[in-house]
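Reading through the structure tokens given below for one structure.
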Amino acid sequence: MKLLVNSVEQTFDIGKQIGEKVSPGDIICLEGDLGTGKTHLTKGIASGLGIDEHITSPTFNIVNEYNEGRLKFYHFDVYRVYDPDEIAAIGFDEYIFSNGVSVIEWANYIDELIPPSALYIKLSKDLAKGENYREIEFQYSDARYDYIKEITL
């Protein structure tokens, strides 16, 4: 499934709808170039979970934990991870196989650590169609993510 958006607000809203529908143990893998909206989508997911804290990309921490929403929320940014063993050392499996929700920016950097049941969201831009134009593509094989079919603009 693909959605086309023309604003940061639409990207955030898609994330918020996802956050309202996620279940314990969901793993959401975000892929896309710099500036495609991965963090804006993540902010929306956090909002949909009822998290009011300021969400920032954990580029230097690798993971930020949020406990105030309806589910625990783990926000990973693995952009600066050069060796998958580095992320395994922080207890990655304990996070993603918990009852929280995990969002992993740059998940393609650690493909070998991601379970096959994850939801993949690829964000891409086409500047010829506008500065804020984005294509958001969803891929999954586990029926637990069928709620994606309910996402609207």
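By convention here, the chains of the structure tokens are called A, B, ... in the order presented, each chain's residues are numbered starting at 1, and ligands are numbered starting at 1 in the order presented.
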Residues within 9 Å of Glu20 of chain A, only C-alpha atoms, excluding chain neighbours under 6 positions, as JSON, numbers by chain: {"A": [45, 46, 47, 48, 49, 50]}
Quick one: write out the picked residues with N, CA and C atoms as a PDB file, in the first residue's frame?
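Output (selection39.pdb):
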ATOM      1  N   ILE A  45       3.492   8.783  15.564  1.00  0.00           N
ATOM      2  CA  ILE A  45       3.248   7.507  16.245  1.00  0.00           C
ATOM      3  C   ILE A  45       3.235   7.722  17.755  1.00  0.00           C
ATOM      4  N   ALA A  46       4.198   8.471  18.251  1.00  0.00           N
ATOM      5  CA  ALA A  46       4.255   8.763  19.691  1.00  0.00           C
ATOM      6  C   ALA A  46       2.990   9.497  20.141  1.00  0.00           C
ATOM      7  N   SER A  47       2.560  10.461  19.354  1.00  0.00           N
ATOM      8  CA  SER A  47       1.338  11.200  19.686  1.00  0.00           C
ATOM      9  C   SER A  47       0.137  10.258  19.737  1.00  0.00           C
ATOM     10  N   GLY A  48       0.042   9.352  18.781  1.00  0.00           N
ATOM     11  CA  GLY A  48      -1.045   8.387  18.761  1.00  0.00           C
ATOM     12  C   GLY A  48      -1.022   7.438  19.950  1.00  0.00           C
ATOM     13  N   LEU A  49       0.147   7.260  20.522  1.00  0.00           N
ATOM     14  CA  LEU A  49       0.287   6.436  21.736  1.00  0.00           C
ATOM     15  C   LEU A  49      -0.031   7.234  23.000  1.00  0.00           C
ATOM     16  N   GLY A  50      -0.257   8.541  22.846  1.00  0.00           N
ATOM     17  CA  GLY A  50      -0.550   9.389  24.005  1.00  0.00           C
ATOM     18  C   GLY A  50       0.692   9.921  24.688  1.00  0.00           C
TER      19      GLY A  50
END
Close residues, Val63 of chain A itself excluded, 6 Å, only C-alpha atoms, min 2 positions apart in chain, as a ChimeraX atom specification: /A:58,61,75-76
Go ahead and dump the residues you just picked, N, CA, C and O atoms, as an mmCIF file, in the first residue's frame.
data_model
loop_
_atom_site.group_PDB
_atom_site.id
_atom_site.type_symbol
_atom_site.label_atom_id
_atom_site.label_comp_id
_atom_site.auth_asym_id
_atom_site.auth_seq_id
_atom_site.Cartn_x
_atom_site.Cartn_y
_atom_site.Cartn_z
ATOM 1 N N PRO A 58 17.133 9.778 18.306
ATOM 2 C CA PRO A 58 18.223 9.391 19.215
ATOM 3 C C PRO A 58 19.518 9.046 18.474
ATOM 4 O O PRO A 58 20.115 8.003 18.696
ATOM 5 N N ASN A 61 22.311 8.413 20.924
ATOM 6 C CA ASN A 61 21.976 7.479 22.004
ATOM 7 C C ASN A 61 21.605 6.103 21.479
ATOM 8 O O ASN A 61 21.535 5.162 22.235
ATOM 9 N N HIS A 75 12.266 4.231 20.565
ATOM 10 C CA HIS A 75 12.592 4.912 19.308
ATOM 11 C C HIS A 75 14.082 4.732 19.045
ATOM 12 O O HIS A 75 14.917 5.307 19.751
ATOM 13 N N PHE A 76 14.395 3.952 18.032
ATOM 14 C CA PHE A 76 15.784 3.681 17.655
ATOM 15 C C PHE A 76 16.166 4.519 16.445
ATOM 16 O O PHE A 76 15.358 4.715 15.540
#
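Closest approach to Ser98 of chain A among A:Lys149, A:Tyr74, A:Glu31, A:Gln10: A:Tyr74, based on only C-alpha atoms.
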Sel. of strand (DSSP E or B) residues, chain A, as a PyMOL selection string: chain A and resi 2-5+27-31+63-66+73-77+101-105+119-125+134-139
Nearest to Asp146 of chain A by atom-to-atom distance, counting only C-alpha atoms, from A:Ile110, A:Leu3, A:Val8, A:Val22: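 Among the listed residues, A:Val22 lies closest to Asp146 of chain A.
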All residues 8 Å or closer to Asp77 of chain A, only C-alpha atoms, same chain fewer than 3 positions away omitted, as number ranges by chain: A: 57-59, 62-63, 80, 104-106
Could you dump the residues just selected with all heavy atoms as a CSV table (one decimal), in the first residue's frame?
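Contents of part-v2.csv, freshly written:
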chain,number,residue,atom,x,y,z
A,57,SER,N,15.2,12.5,17.5
A,57,SER,CA,15.9,11.4,16.9
A,57,SER,C,17.0,11.0,17.8
A,57,SER,O,17.9,11.9,18.1
A,57,SER,CB,16.3,11.6,15.5
A,57,SER,OG,16.7,10.4,14.9
A,58,PRO,N,17.1,9.8,18.3
A,58,PRO,CA,18.2,9.4,19.2
A,58,PRO,C,19.5,9.0,18.5
A,58,PRO,O,20.1,8.0,18.7
A,58,PRO,CB,17.6,8.2,19.9
A,58,PRO,CG,16.7,7.6,18.9
A,58,PRO,CD,16.2,8.7,18.1
A,59,THR,N,19.9,9.9,17.6
A,59,THR,CA,21.1,9.6,16.7
A,59,THR,C,22.3,9.2,17.5
A,59,THR,O,23.1,8.4,17.1
A,59,THR,CB,21.4,10.9,15.9
A,59,THR,OG1,20.2,11.2,15.1
A,59,THR,CG2,22.5,10.6,14.9
A,62,ILE,N,21.3,6.0,20.2
A,62,ILE,CA,20.7,4.8,19.6
A,62,ILE,C,19.3,4.6,19.9
A,62,ILE,O,18.5,4.3,19.0
A,62,ILE,CB,21.6,3.5,19.8
A,62,ILE,CG1,23.0,3.7,19.2
A,62,ILE,CG2,20.9,2.3,19.1
A,62,ILE,CD1,23.9,2.5,19.5
A,63,VAL,N,18.9,4.7,21.2
A,63,VAL,CA,17.5,4.4,21.6
A,63,VAL,C,17.0,5.4,22.6
A,63,VAL,O,17.8,5.8,23.5
A,63,VAL,CB,17.3,3.0,22.1
A,63,VAL,CG1,18.0,2.7,23.3
A,63,VAL,CG2,15.8,2.7,22.2
A,80,ARG,N,24.0,5.8,12.8
A,80,ARG,CA,25.5,5.8,13.1
A,80,ARG,C,26.0,4.4,13.6
A,80,ARG,O,27.1,4.4,14.2
A,80,ARG,CB,25.8,6.9,14.1
A,80,ARG,CG,25.4,8.3,13.6
A,80,ARG,CD,26.1,9.3,14.5
A,80,ARG,NE,25.6,10.7,14.2
A,80,ARG,CZ,25.8,11.3,13.1
A,80,ARG,NH1,26.4,10.8,12.1
A,80,ARG,NH2,25.4,12.6,13.0
A,104,ILE,N,12.2,1.9,14.4
A,104,ILE,CA,13.6,1.8,14.1
A,104,ILE,C,13.9,2.6,12.8
A,104,ILE,O,13.5,2.2,11.7
A,104,ILE,CB,14.1,0.4,13.9
A,104,ILE,CG1,13.7,-0.5,15.1
A,104,ILE,CG2,15.6,0.3,13.7
A,104,ILE,CD1,13.7,-2.0,14.9
A,105,GLU,N,14.5,3.8,13.0
A,105,GLU,CA,14.9,4.6,11.8
A,105,GLU,C,16.1,4.0,11.3
A,105,GLU,O,17.0,3.6,12.0
A,105,GLU,CB,15.1,6.1,12.2
A,105,GLU,CG,13.8,6.8,12.7
A,105,GLU,CD,14.0,8.3,12.8
A,105,GLU,OE1,14.7,8.9,12.0
A,105,GLU,OE2,13.5,8.8,13.8
A,106,TRP,N,16.2,4.0,9.9
A,106,TRP,CA,17.4,3.4,9.2
A,106,TRP,C,17.5,1.9,9.4
A,106,TRP,O,18.6,1.4,9.5
A,106,TRP,CB,18.7,4.1,9.6
A,106,TRP,CG,18.7,5.6,9.3
A,106,TRP,CD1,18.4,6.6,10.2
A,106,TRP,CD2,18.9,6.2,8.1
A,106,TRP,NE1,18.5,7.8,9.6
A,106,TRP,CE2,18.7,7.6,8.3
A,106,TRP,CE3,19.2,5.8,6.8
A,106,TRP,CZ2,18.9,8.6,7.3
A,106,TRP,CZ3,19.3,6.7,5.8
A,106,TRP,CH2,19.2,8.1,6.0
